[in-house]
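**Q** So here's input.cif (mmCIF, C-alpha atoms and all ligand atoms).
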data_final
loop_
_atom_site.group_PDB
_atom_site.id
_atom_site.type_symbol
_atom_site.label_atom_id
_atom_site.label_comp_id
_atom_site.auth_asym_id
_atom_site.auth_seq_id
_atom_site.Cartn_x
_atom_site.Cartn_y
_atom_site.Cartn_z
ATOM 1 C CA MET Z 999 0.000 0.000 0.000
ATOM 2 C CA LYS Z 1000 1.084 3.536 -0.819
ATOM 3 C CA GLU Z 1001 2.323 5.472 2.160
ATOM 4 C CA ARG Z 1002 -0.224 8.105 2.917
ATOM 5 C CA VAL Z 1003 -0.221 11.414 4.723
ATOM 6 C CA VAL Z 1004 -3.542 12.288 6.320
ATOM 7 C CA PHE Z 1005 -5.161 15.289 7.964
ATOM 8 C CA PRO Z 1006 -8.029 15.472 10.460
ATOM 9 C CA GLY Z 1007 -11.282 14.502 8.757
ATOM 10 C CA ASP Z 1008 -9.694 12.576 5.870
ATOM 11 C CA LYS Z 1009 -11.657 9.416 5.234
ATOM 12 C CA ILE Z 1010 -9.574 6.261 5.629
ATOM 13 C CA GLY Z 1011 -12.197 3.611 4.915
ATOM 14 C CA ASN Z 1012 -15.097 1.829 6.515
ATOM 15 C CA VAL Z 1013 -15.379 -0.514 9.465
ATOM 16 C CA GLU Z 1014 -15.636 -3.568 7.214
ATOM 17 C CA GLU Z 1015 -12.206 -2.801 5.773
ATOM 18 C CA PHE Z 1016 -10.332 -1.565 8.840
ATOM 19 C CA LYS Z 1017 -10.382 -1.470 12.588
ATOM 20 C CA ALA Z 1018 -9.917 1.901 14.242
ATOM 21 C CA GLY Z 1019 -6.563 2.189 15.998
ATOM 22 C CA LYS Z 1020 -4.731 5.248 17.304
ATOM 23 C CA GLY Z 1021 -5.209 8.762 15.911
ATOM 24 C CA VAL Z 1022 -8.440 7.884 14.107
ATOM 25 C CA TYR Z 1023 -12.141 8.012 14.901
ATOM 26 C CA GLU Z 1024 -15.235 6.174 13.772
ATOM 27 C CA GLU Z 1025 -18.443 7.855 12.650
ATOM 28 C CA ASN Z 1026 -21.402 6.230 10.874
ATOM 29 C CA ARG Z 1027 -19.341 3.086 10.268
ATOM 30 C CA GLU Z 1028 -16.603 5.090 8.515
ATOM 31 C CA ILE Z 1029 -13.071 5.644 9.813
ATOM 32 C CA TYR Z 1030 -11.505 9.107 9.669
ATOM 33 C CA ALA Z 1031 -8.137 10.553 10.607
ATOM 34 C CA GLY Z 1032 -8.332 12.467 13.876
ATOM 35 C CA ILE Z 1033 -4.852 13.977 13.701
ATOM 36 C CA ALA Z 1034 -2.341 14.959 11.025
ATOM 37 C CA GLY Z 1035 0.272 12.311 10.371
ATOM 38 C CA TYR Z 1036 1.257 9.167 8.536
ATOM 39 C CA LEU Z 1037 -1.403 6.535 8.016
ATOM 40 C CA GLU Z 1038 -0.185 3.045 8.834
ATOM 41 C CA ILE Z 1039 -2.257 -0.052 8.277
ATOM 42 C CA LYS Z 1040 -1.147 -3.227 9.949
ATOM 43 C CA ASP Z 1041 -3.267 -6.370 10.311
ATOM 44 C CA ARG Z 1042 -6.218 -4.271 9.137
ATOM 45 C CA VAL Z 1043 -5.836 -1.824 12.030
ATOM 46 C CA ALA Z 1044 -5.593 1.808 10.901
ATOM 47 C CA ASN Z 1045 -3.291 4.008 13.001
ATOM 48 C CA VAL Z 1046 -2.146 7.563 12.398
ATOM 49 C CA SER Z 1047 1.229 8.542 13.835
ATOM 50 C CA ALA Z 1048 1.544 12.277 14.392
ATOM 51 C CA PHE Z 1049 4.044 14.531 12.642
ATOM 52 C CA LYS Z 1050 6.863 15.602 14.868
ATOM 53 C CA LYS Z 1051 9.027 18.640 14.948
ATOM 54 C CA ILE Z 1052 12.425 18.022 13.356
ATOM 55 C CA PRO Z 1053 14.890 18.979 16.100
ATOM 56 C CA GLU Z 1054 17.820 19.241 13.684
ATOM 57 C CA LEU Z 1055 16.199 22.012 11.653
ATOM 58 C CA ARG Z 1056 16.518 25.736 12.102
ATOM 59 C CA LYS Z 1057 15.236 28.744 10.226
ATOM 60 C CA ASP Z 1058 17.252 29.384 7.020
ATOM 61 C CA ASP Z 1059 18.532 25.808 6.732
ATOM 62 C CA VAL Z 1060 18.365 24.355 3.235
ATOM 63 C CA VAL Z 1061 16.789 20.924 2.995
ATOM 64 C CA ILE Z 1062 16.021 18.333 0.392
ATOM 65 C CA GLY Z 1063 12.965 16.118 0.437
ATOM 66 C CA ARG Z 1064 10.280 14.294 -1.441
ATOM 67 C CA VAL Z 1065 6.739 15.529 -2.074
ATOM 68 C CA VAL Z 1066 4.392 13.076 -0.388
ATOM 69 C CA ASP Z 1067 1.098 14.930 -0.653
ATOM 70 C CA VAL Z 1068 -0.340 17.793 -2.681
ATOM 71 C CA ARG Z 1069 -3.549 19.464 -1.513
ATOM 72 C CA ASN Z 1070 -5.400 22.616 -2.622
ATOM 73 C CA ASN Z 1071 -3.238 25.163 -0.855
ATOM 74 C CA PHE Z 1072 -0.236 23.284 0.378
ATOM 75 C CA ALA Z 1073 2.034 20.310 -0.133
ATOM 76 C CA MET Z 1074 3.753 18.078 2.403
ATOM 77 C CA VAL Z 1075 7.419 17.293 1.890
ATOM 78 C CA GLU Z 1076 9.242 14.467 3.628
ATOM 79 C CA ILE Z 1077 12.584 15.931 4.614
ATOM 80 C CA ALA Z 1078 15.489 13.596 3.936
ATOM 81 C CA ARG Z 1079 18.534 15.730 4.404
ATOM 82 C CA LYS Z 1080 19.903 19.063 5.477
ATOM 83 C CA ARG Z 1081 22.511 20.885 3.393
ATOM 84 C CA GLY Z 1082 25.982 20.594 4.845
ATOM 85 C CA GLU Z 1083 25.373 17.124 6.212
ATOM 86 C CA ASP Z 1084 26.250 13.948 4.353
ATOM 87 C CA ARG Z 1085 23.820 11.621 5.955
ATOM 88 C CA ASP Z 1086 20.060 11.455 5.920
ATOM 89 C CA LEU Z 1087 18.173 12.569 8.994
ATOM 90 C CA GLY Z 1088 17.383 8.919 9.656
ATOM 91 C CA HIS Z 1089 13.751 9.370 10.598
ATOM 92 C CA LYS Z 1090 10.671 10.311 8.667
ATOM 93 C CA ASN Z 1091 9.422 13.822 9.167
ATOM 94 C CA LEU Z 1092 7.336 16.248 7.247
ATOM 95 C CA ALA Z 1093 7.492 19.919 6.446
ATOM 96 C CA MET Z 1094 4.662 22.028 5.116
ATOM 97 C CA LEU Z 1095 4.964 24.042 1.933
ATOM 98 C CA HIS Z 1096 2.117 26.531 1.619
ATOM 99 C CA ILE Z 1097 1.105 27.937 -1.785
ATOM 100 C CA SER Z 1098 2.131 31.434 -0.607
ATOM 101 C CA ASN Z 1099 5.731 30.175 -0.342
ATOM 102 C CA VAL Z 1100 5.903 28.674 -3.798
ATOM 103 C CA GLY Z 1101 6.264 31.830 -5.910
ATOM 104 C CA LYS Z 1102 4.064 32.983 -8.729
ATOM 105 C CA PHE Z 1103 1.929 29.868 -9.029
ATOM 106 C CA GLU Z 1104 -1.798 30.130 -8.403
ATOM 107 C CA ASN Z 1105 -2.262 26.400 -8.351
ATOM 108 C CA ILE Z 1106 0.160 24.306 -6.343
ATOM 109 C CA ALA Z 1107 -0.437 21.329 -8.660
ATOM 110 C CA ASN Z 1108 1.309 23.326 -11.433
ATOM 111 C CA ALA Z 1109 4.369 23.778 -9.229
ATOM 112 C CA LEU Z 1110 4.846 20.309 -7.725
ATOM 113 C CA SER Z 1111 3.760 16.729 -8.131
ATOM 114 C CA TYR Z 1112 3.652 13.701 -5.907
ATOM 115 C CA ARG Z 1113 7.143 12.136 -5.555
ATOM 116 C CA ASP Z 1114 9.076 15.144 -6.918
ATOM 117 C CA ILE Z 1115 12.340 15.873 -5.155
ATOM 118 C CA VAL Z 1116 12.566 19.472 -3.953
ATOM 119 C CA LYS Z 1117 15.177 21.728 -2.459
ATOM 120 C CA ALA Z 1118 13.715 24.203 0.004
ATOM 121 C CA ARG Z 1119 14.504 26.855 2.590
ATOM 122 C CA VAL Z 1120 13.287 26.340 6.142
ATOM 123 C CA ILE Z 1121 11.290 29.438 7.137
ATOM 124 C CA ASP Z 1122 10.345 28.292 10.599
ATOM 125 C CA ALA Z 1123 11.174 25.266 12.666
ATOM 126 C CA THR Z 1124 7.649 23.821 12.956
ATOM 127 C CA PRO Z 1125 8.828 23.162 10.128
ATOM 128 C CA LYS Z 1126 7.553 25.247 7.255
ATOM 129 C CA ILE Z 1127 9.522 25.574 4.050
ATOM 130 C CA SER Z 1128 9.689 27.907 1.053
ATOM 131 C CA ILE Z 1129 10.751 27.445 -2.566
ATOM 132 C CA ARG Z 1130 10.444 31.096 -3.645
ATOM 133 C CA GLU Z 1131 14.168 31.639 -4.281
ATOM 134 C CA PRO Z 1132 15.424 30.707 -7.791
ATOM 135 C CA GLU Z 1133 17.714 28.052 -6.308
ATOM 136 C CA MET Z 1134 14.791 26.383 -4.542
ATOM 137 C CA GLY Z 1135 12.165 24.200 -6.115
ATOM 138 C CA VAL Z 1136 11.979 20.914 -7.922
ATOM 139 C CA VAL Z 1137 15.405 19.306 -8.546
ATOM 140 C CA LYS Z 1138 14.036 16.047 -9.911
ATOM 141 C CA ALA Z 1139 10.620 15.275 -11.374
ATOM 142 C CA PHE Z 1140 8.974 12.340 -13.075
ATOM 143 C CA CYS Z 1141 6.590 12.101 -16.011
ATOM 144 C CA SER Z 1142 3.091 11.667 -14.599
ATOM 145 C CA VAL Z 1143 2.378 9.075 -17.286
ATOM 146 C CA CYS Z 1144 5.646 7.136 -17.844
ATOM 147 C CA LYS Z 1145 7.259 7.830 -14.421
ATOM 148 C CA VAL Z 1146 10.683 8.404 -16.042
ATOM 149 C CA ASP Z 1147 12.827 11.436 -15.122
ATOM 150 C CA LEU Z 1148 11.794 14.639 -16.860
ATOM 151 C CA VAL Z 1149 14.603 16.397 -18.710
ATOM 152 C CA LEU Z 1150 15.128 20.163 -18.647
ATOM 153 C CA GLU Z 1151 15.142 21.549 -22.172
ATOM 154 C CA LYS Z 1152 15.131 25.296 -22.909
ATOM 155 C CA GLY Z 1153 13.585 26.055 -19.548
ATOM 156 C CA LYS Z 1154 10.870 23.426 -19.843
ATOM 157 C CA LEU Z 1155 10.517 19.966 -18.392
ATOM 158 C CA LYS Z 1156 9.936 17.329 -20.979
ATOM 159 C CA CYS Z 1157 9.517 13.562 -20.875
ATOM 160 C CA PRO Z 1158 12.205 11.887 -23.030
ATOM 161 C CA ASN Z 1159 9.875 8.938 -23.496
ATOM 162 C CA CYS Z 1160 6.452 10.347 -24.453
ATOM 163 C CA GLY Z 1161 7.349 13.972 -25.181
ATOM 164 C CA ARG Z 1162 4.911 15.320 -22.620
ATOM 165 C CA GLU Z 1163 5.707 18.747 -21.127
ATOM 166 C CA GLU Z 1164 5.020 19.321 -17.451
ATOM 167 C CA SER Z 1165 4.864 22.434 -15.341
ATOM 168 C CA ARG Z 1166 6.943 22.784 -12.170
ATOM 169 C CA LYS Z 1167 8.587 25.424 -10.002
ATOM 170 C CA ILE Z 1168 12.038 24.452 -11.293
ATOM 171 C CA SER Z 1169 15.154 24.914 -9.154
ATOM 172 C CA THR Z 1170 18.311 26.279 -10.804
ATOM 173 C CA SER Z 1171 19.884 22.992 -9.625
ATOM 174 C CA TYR Z 1172 17.430 20.870 -11.609
ATOM 175 C CA GLY Z 1173 19.002 17.675 -12.936
ATOM 176 C CA LYS Z 1174 22.503 18.607 -11.773
ATOM 177 C CA GLY Z 1175 22.580 15.930 -9.097
ATOM 178 C CA GLU Z 1176 24.113 18.363 -6.631
ATOM 179 C CA TRP Z 1177 22.725 20.783 -4.187
HETATM 180 ZN ZN ZN U 1201 6.229 10.384 -20.368
#
Can I see the file as structure tokens?
Ligand SMILES: [Zn+2]
**A**
Amino acid sequence: MKERVVFPGDKIGNVEEFKAGKGVYEENREIYAGIAGYLEIKDRVANVSAFKKIPELRKDDVVIGRVVDVRNNFAMVEIARKRGEDRDLGHKNLAMLHISNVGKFENIANALSYRDIVKARVIDATPKISIREPEMGVVKAFCSVCKVDLVLEKGKLKCPNCGREESRKISTSYGKGEW
């Protein structure tokens, strides 16, 4: 099953499919997330484990992570690493990227997609991140149809397989494999 990020009120399933565990509630035979966090299903029991603050992060740090959820006004990014450190953080934690911190995109779905790798600036330690600076944004993206890496060509991201063009908030480090 795909790893899923949930927010309070998100429907997880019904009582025939799952048993309600921690961080969820049952209403009219449906199971909903009660807190924001990662949904984990084990032996048909649905649990939500809460997001935690990332103690290693401070305002102005640069981080790299993977987009794990895109909603109307924000995306959630799983932070893997902090610039200046060789190793991964070693635990799963999420940062919030609000549409107001993306730049001149009215729709966040035109700036990011599920599974994209992004470079971002920490703007507060809760943590919230921003990709407004030219250096920040998507550093690796995948074709939404073929799933292969999109290639940067004359400022646009194109699928080398099907030729599809996709819109992203592209980092100046896109495709360079360094950050
Ligand atoms: Zn493609």
**Q** Can you spell out as a list in words the set of residues that the PyMOL selection byres (((chain Z and resi 1126-1132) around 6) and not hetatm) selects in the structure I just provided?
**A** Ala1093, Met1094, Leu1095, Asn1099, Val1100, Gly1101, Ala1118, Arg1119, Val1120, Ile1121, Asp1122, Thr1124, Pro1125, Glu1133, Met1134, Gly1135 and Ser1169 of chain Z
**Q** For the selection you just gave me, I'd like the residues written to a file as a PDB file, in the coordinates of the input, keeping C-alpha atoms.
**A**
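The file below, selection.pdb, is the result:
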ATOM      1  CA  ALA Z1093       7.492  19.919   6.446  1.00  0.00           C
ATOM      2  CA  MET Z1094       4.662  22.028   5.116  1.00  0.00           C
ATOM      3  CA  LEU Z1095       4.964  24.042   1.933  1.00  0.00           C
ATOM      4  CA  ASN Z1099       5.731  30.175  -0.342  1.00  0.00           C
ATOM      5  CA  VAL Z1100       5.903  28.674  -3.798  1.00  0.00           C
ATOM      6  CA  GLY Z1101       6.264  31.830  -5.910  1.00  0.00           C
ATOM      7  CA  ALA Z1118      13.715  24.203   0.004  1.00  0.00           C
ATOM      8  CA  ARG Z1119      14.504  26.855   2.590  1.00  0.00           C
ATOM      9  CA  VAL Z1120      13.287  26.340   6.142  1.00  0.00           C
ATOM     10  CA  ILE Z1121      11.290  29.438   7.137  1.00  0.00           C
ATOM     11  CA  ASP Z1122      10.345  28.292  10.599  1.00  0.00           C
ATOM     12  CA  THR Z1124       7.649  23.821  12.956  1.00  0.00           C
ATOM     13  CA  PRO Z1125       8.828  23.162  10.128  1.00  0.00           C
ATOM     14  CA  GLU Z1133      17.714  28.052  -6.308  1.00  0.00           C
ATOM     15  CA  MET Z1134      14.791  26.383  -4.542  1.00  0.00           C
ATOM     16  CA  GLY Z1135      12.165  24.200  -6.115  1.00  0.00           C
ATOM     17  CA  SER Z1169      15.154  24.914  -9.154  1.00  0.00           C
TER      18      SER Z1169
END
**Q** Run the PyMOL selection byres (((chain Z and resi 1018) around 8) and not hetatm) mentally over the shown coordinates, then write out the matched residues as a PyMOL selection string, using the chain letters and numbers from the document.
**A** chain Z and resi 1013+1016-1017+1019-1020+1022-1024+1029+1043-1045
**Q** Which residues of chain Z come within 12 Å of ligand ZN 1201 (chain U), and what is each one's closest atom pair and distance in Å (one decimal), counting all atoms listed in the file, sorted by chain and residue number, as JSON lines?
**A**
{"residue": "Z:Ala1139", "atom": "CA", "partner": "U:ZN1201", "partner_atom": "ZN", "distance": 11.1}
{"residue": "Z:Phe1140", "atom": "CA", "partner": "U:ZN1201", "partner_atom": "ZN", "distance": 8.0}
{"residue": "Z:Cys1141", "atom": "CA", "partner": "U:ZN1201", "partner_atom": "ZN", "distance": 4.7}
{"residue": "Z:Ser1142", "atom": "CA", "partner": "U:ZN1201", "partner_atom": "ZN", "distance": 6.7}
{"residue": "Z:Val1143", "atom": "CA", "partner": "U:ZN1201", "partner_atom": "ZN", "distance": 5.1}
{"residue": "Z:Cys1144", "atom": "CA", "partner": "U:ZN1201", "partner_atom": "ZN", "distance": 4.2}
{"residue": "Z:Lys1145", "atom": "CA", "partner": "U:ZN1201", "partner_atom": "ZN", "distance": 6.6}
{"residue": "Z:Val1146", "atom": "CA", "partner": "U:ZN1201", "partner_atom": "ZN", "distance": 6.5}
{"residue": "Z:Asp1147", "atom": "CA", "partner": "U:ZN1201", "partner_atom": "ZN", "distance": 8.5}
{"residue": "Z:Leu1148", "atom": "CA", "partner": "U:ZN1201", "partner_atom": "ZN", "distance": 7.8}
{"residue": "Z:Val1149", "atom": "CA", "partner": "U:ZN1201", "partner_atom": "ZN", "distance": 10.4}
{"residue": "Z:Leu1155", "atom": "CA", "partner": "U:ZN1201", "partner_atom": "ZN", "distance": 10.7}
{"residue": "Z:Lys1156", "atom": "CA", "partner": "U:ZN1201", "partner_atom": "ZN", "distance": 7.9}
{"residue": "Z:Cys1157", "atom": "CA", "partner": "U:ZN1201", "partner_atom": "ZN", "distance": 4.6}
{"residue": "Z:Pro1158", "atom": "CA", "partner": "U:ZN1201", "partner_atom": "ZN", "distance": 6.7}
{"residue": "Z:Asn1159", "atom": "CA", "partner": "U:ZN1201", "partner_atom": "ZN", "distance": 5.0}
{"residue": "Z:Cys1160", "atom": "CA", "partner": "U:ZN1201", "partner_atom": "ZN", "distance": 4.1}
{"residue": "Z:Gly1161", "atom": "CA", "partner": "U:ZN1201", "partner_atom": "ZN", "distance": 6.1}
{"residue": "Z:Arg1162", "atom": "CA", "partner": "U:ZN1201", "partner_atom": "ZN", "distance": 5.6}
{"residue": "Z:Glu1163", "atom": "CA", "partner": "U:ZN1201", "partner_atom": "ZN", "distance": 8.4}
{"residue": "Z:Glu1164", "atom": "CA", "partner": "U:ZN1201", "partner_atom": "ZN", "distance": 9.5}
**Q** Residues within 9 Å of (-11.6, 9.0, 3.1), file coordinates, counting only C-alpha atoms: what are they? Give the list as a list in words.
**A** Gly1007, Asp1008, Lys1009, Ile1010, Gly1011, Asn1012, Glu1028, Ile1029, Tyr1030 and Ala1031 of chain Z
**Q** Could you work out how far CA of Gly1082 in chain Z lies from CA of Ile1168 in chain Z, giving the answer in Å with one decimal?
**A**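 Distance between the two atoms: 21.7 Å.
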**Q** Quick one: which residues end up in the PyMOL selection byres (((chain Z and resi 1115) around 7) and not hetatm) for this structure, as number ranges by chain?
**A** Z: 1063-1065, 1113-1114, 1116, 1136-1139
**Q** Go ahead and write the residues just picked, C-alpha atoms, as an mmCIF file, keeping the file's coordinate frame.
**A**
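After the write, result_16.cif holds the following:
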data_model
loop_
_atom_site.group_PDB
_atom_site.id
_atom_site.type_symbol
_atom_site.label_atom_id
_atom_site.label_comp_id
_atom_site.auth_asym_id
_atom_site.auth_seq_id
_atom_site.Cartn_x
_atom_site.Cartn_y
_atom_site.Cartn_z
ATOM 1 C CA GLY Z 1063 12.965 16.118 0.437
ATOM 2 C CA ARG Z 1064 10.280 14.294 -1.441
ATOM 3 C CA VAL Z 1065 6.739 15.529 -2.074
ATOM 4 C CA ARG Z 1113 7.143 12.136 -5.555
ATOM 5 C CA ASP Z 1114 9.076 15.144 -6.918
ATOM 6 C CA VAL Z 1116 12.566 19.472 -3.953
ATOM 7 C CA VAL Z 1136 11.979 20.914 -7.922
ATOM 8 C CA VAL Z 1137 15.405 19.306 -8.546
ATOM 9 C CA LYS Z 1138 14.036 16.047 -9.911
ATOM 10 C CA ALA Z 1139 10.620 15.275 -11.374
#
**Q** Kindly indicate which residue among Z:Leu1150, Z:Lys1174, Z:Ala1123, Z:Asn1091 lies nearest to Arg1056 in chain Z, using all atoms listed in the file for the distances.
**A** Z:Ala1123
**Q** Assuming 8 Å of padding per side, give the centre and edge lengths of the axis-aligned box around every listed atom of range 1154-1170 of chain Z, in Å to one decimal and as lines of an AutoDock Vina configuration file.
**A**
center_x = 11.6
center_y = 17.6
center_z = -17.2
size_x = 29.4
size_y = 33.3
size_z = 32.0
**Q** If I only have part of range 1025-1058 of chain Z, can you fill in N, CA and C atoms and write it as a short mmCIF file (atom, residue, chain, number, x, y, z; two decimals), in the coordinates of the input?
**A**
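Output file out.cif follows:
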data_model
loop_
_atom_site.label_atom_id
_atom_site.label_comp_id
_atom_site.auth_asym_id
_atom_site.auth_seq_id
_atom_site.Cartn_x
_atom_site.Cartn_y
_atom_site.Cartn_z
N GLU Z 1025 -17.17 7.13 12.69
CA GLU Z 1025 -18.44 7.86 12.65
C GLU Z 1025 -19.28 7.24 11.54
N ASN Z 1026 -20.51 6.87 11.85
CA ASN Z 1026 -21.40 6.23 10.87
C ASN Z 1026 -20.71 5.10 10.11
N ARG Z 1027 -20.02 4.26 10.82
CA ARG Z 1027 -19.34 3.09 10.27
C ARG Z 1027 -18.19 3.42 9.31
N GLU Z 1028 -17.77 4.69 9.32
CA GLU Z 1028 -16.60 5.09 8.52
C GLU Z 1028 -15.48 5.46 9.48
N ILE Z 1029 -14.24 5.30 9.00
CA ILE Z 1029 -13.07 5.64 9.81
C ILE Z 1029 -12.38 6.87 9.23
N TYR Z 1030 -12.12 7.85 10.08
CA TYR Z 1030 -11.50 9.11 9.67
C TYR Z 1030 -10.24 9.38 10.47
N ALA Z 1031 -9.32 10.12 9.87
CA ALA Z 1031 -8.14 10.55 10.61
C ALA Z 1031 -8.54 11.62 11.62
N GLY Z 1032 -8.03 11.48 12.83
CA GLY Z 1032 -8.33 12.47 13.88
C GLY Z 1032 -7.22 13.47 14.04
N ILE Z 1033 -6.02 13.11 13.58
CA ILE Z 1033 -4.85 13.98 13.70
C ILE Z 1033 -4.10 13.98 12.37
N ALA Z 1034 -3.18 14.93 12.22
CA ALA Z 1034 -2.34 14.96 11.02
C ALA Z 1034 -1.16 14.02 11.23
N GLY Z 1035 -0.86 13.21 10.24
CA GLY Z 1035 0.27 12.31 10.37
C GLY Z 1035 0.34 11.29 9.26
N TYR Z 1036 1.13 10.26 9.49
CA TYR Z 1036 1.26 9.17 8.54
C TYR Z 1036 0.24 8.09 8.87
N LEU Z 1037 -0.48 7.65 7.84
CA LEU Z 1037 -1.40 6.54 8.02
C LEU Z 1037 -0.62 5.23 7.90
N GLU Z 1038 -0.81 4.37 8.88
CA GLU Z 1038 -0.18 3.04 8.83
C GLU Z 1038 -1.26 1.99 9.04
N ILE Z 1039 -1.28 1.02 8.14
CA ILE Z 1039 -2.26 -0.05 8.28
C ILE Z 1039 -1.53 -1.36 8.48
N LYS Z 1040 -1.83 -1.99 9.60
CA LYS Z 1040 -1.15 -3.23 9.95
C LYS Z 1040 -2.18 -4.19 10.49
N ASP Z 1041 -2.25 -5.39 9.93
CA ASP Z 1041 -3.27 -6.37 10.31
C ASP Z 1041 -4.65 -5.74 10.33
N ARG Z 1042 -4.93 -4.94 9.31
CA ARG Z 1042 -6.22 -4.27 9.14
C ARG Z 1042 -6.55 -3.22 10.20
N VAL Z 1043 -5.60 -2.89 11.06
CA VAL Z 1043 -5.84 -1.82 12.03
C VAL Z 1043 -5.24 -0.54 11.47
N ALA Z 1044 -6.06 0.51 11.40
CA ALA Z 1044 -5.59 1.81 10.90
C ALA Z 1044 -5.12 2.68 12.05
N ASN Z 1045 -3.87 3.11 11.99
CA ASN Z 1045 -3.29 4.01 13.00
C ASN Z 1045 -2.74 5.23 12.29
N VAL Z 1046 -2.81 6.39 12.93
CA VAL Z 1046 -2.15 7.56 12.40
C VAL Z 1046 -1.09 8.00 13.40
N SER Z 1047 0.17 8.06 12.94
CA SER Z 1047 1.23 8.54 13.84
C SER Z 1047 1.50 10.00 13.52
N ALA Z 1048 1.48 10.82 14.54
CA ALA Z 1048 1.54 12.28 14.39
C ALA Z 1048 2.87 12.76 13.83
N PHE Z 1049 2.81 13.87 13.09
CA PHE Z 1049 4.04 14.53 12.64
C PHE Z 1049 4.78 15.05 13.87
N LYS Z 1050 6.08 15.05 13.76
CA LYS Z 1050 6.86 15.60 14.87
C LYS Z 1050 7.71 16.75 14.36
N LYS Z 1051 8.09 17.58 15.27
CA LYS Z 1051 9.03 18.64 14.95
C LYS Z 1051 10.36 17.99 14.60
N ILE Z 1052 11.13 18.59 13.71
CA ILE Z 1052 12.42 18.02 13.36
C ILE Z 1052 13.48 18.80 14.14
N PRO Z 1053 14.02 18.21 15.20
CA PRO Z 1053 14.89 18.98 16.10
C PRO Z 1053 16.15 19.52 15.43
N GLU Z 1054 16.59 18.82 14.36
CA GLU Z 1054 17.82 19.24 13.68
C GLU Z 1054 17.64 20.52 12.86
N LEU Z 1055 16.40 20.91 12.59
CA LEU Z 1055 16.20 22.01 11.65
C LEU Z 1055 16.05 23.36 12.32
N ARG Z 1056 16.64 24.35 11.66
CA ARG Z 1056 16.52 25.74 12.10
C ARG Z 1056 16.13 26.61 10.93
N LYS Z 1057 15.59 27.76 11.25
CA LYS Z 1057 15.24 28.74 10.23
C LYS Z 1057 16.46 29.00 9.34
N ASP Z 1058 16.23 29.12 8.04
CA ASP Z 1058 17.25 29.38 7.02
C ASP Z 1058 18.06 28.16 6.58
#
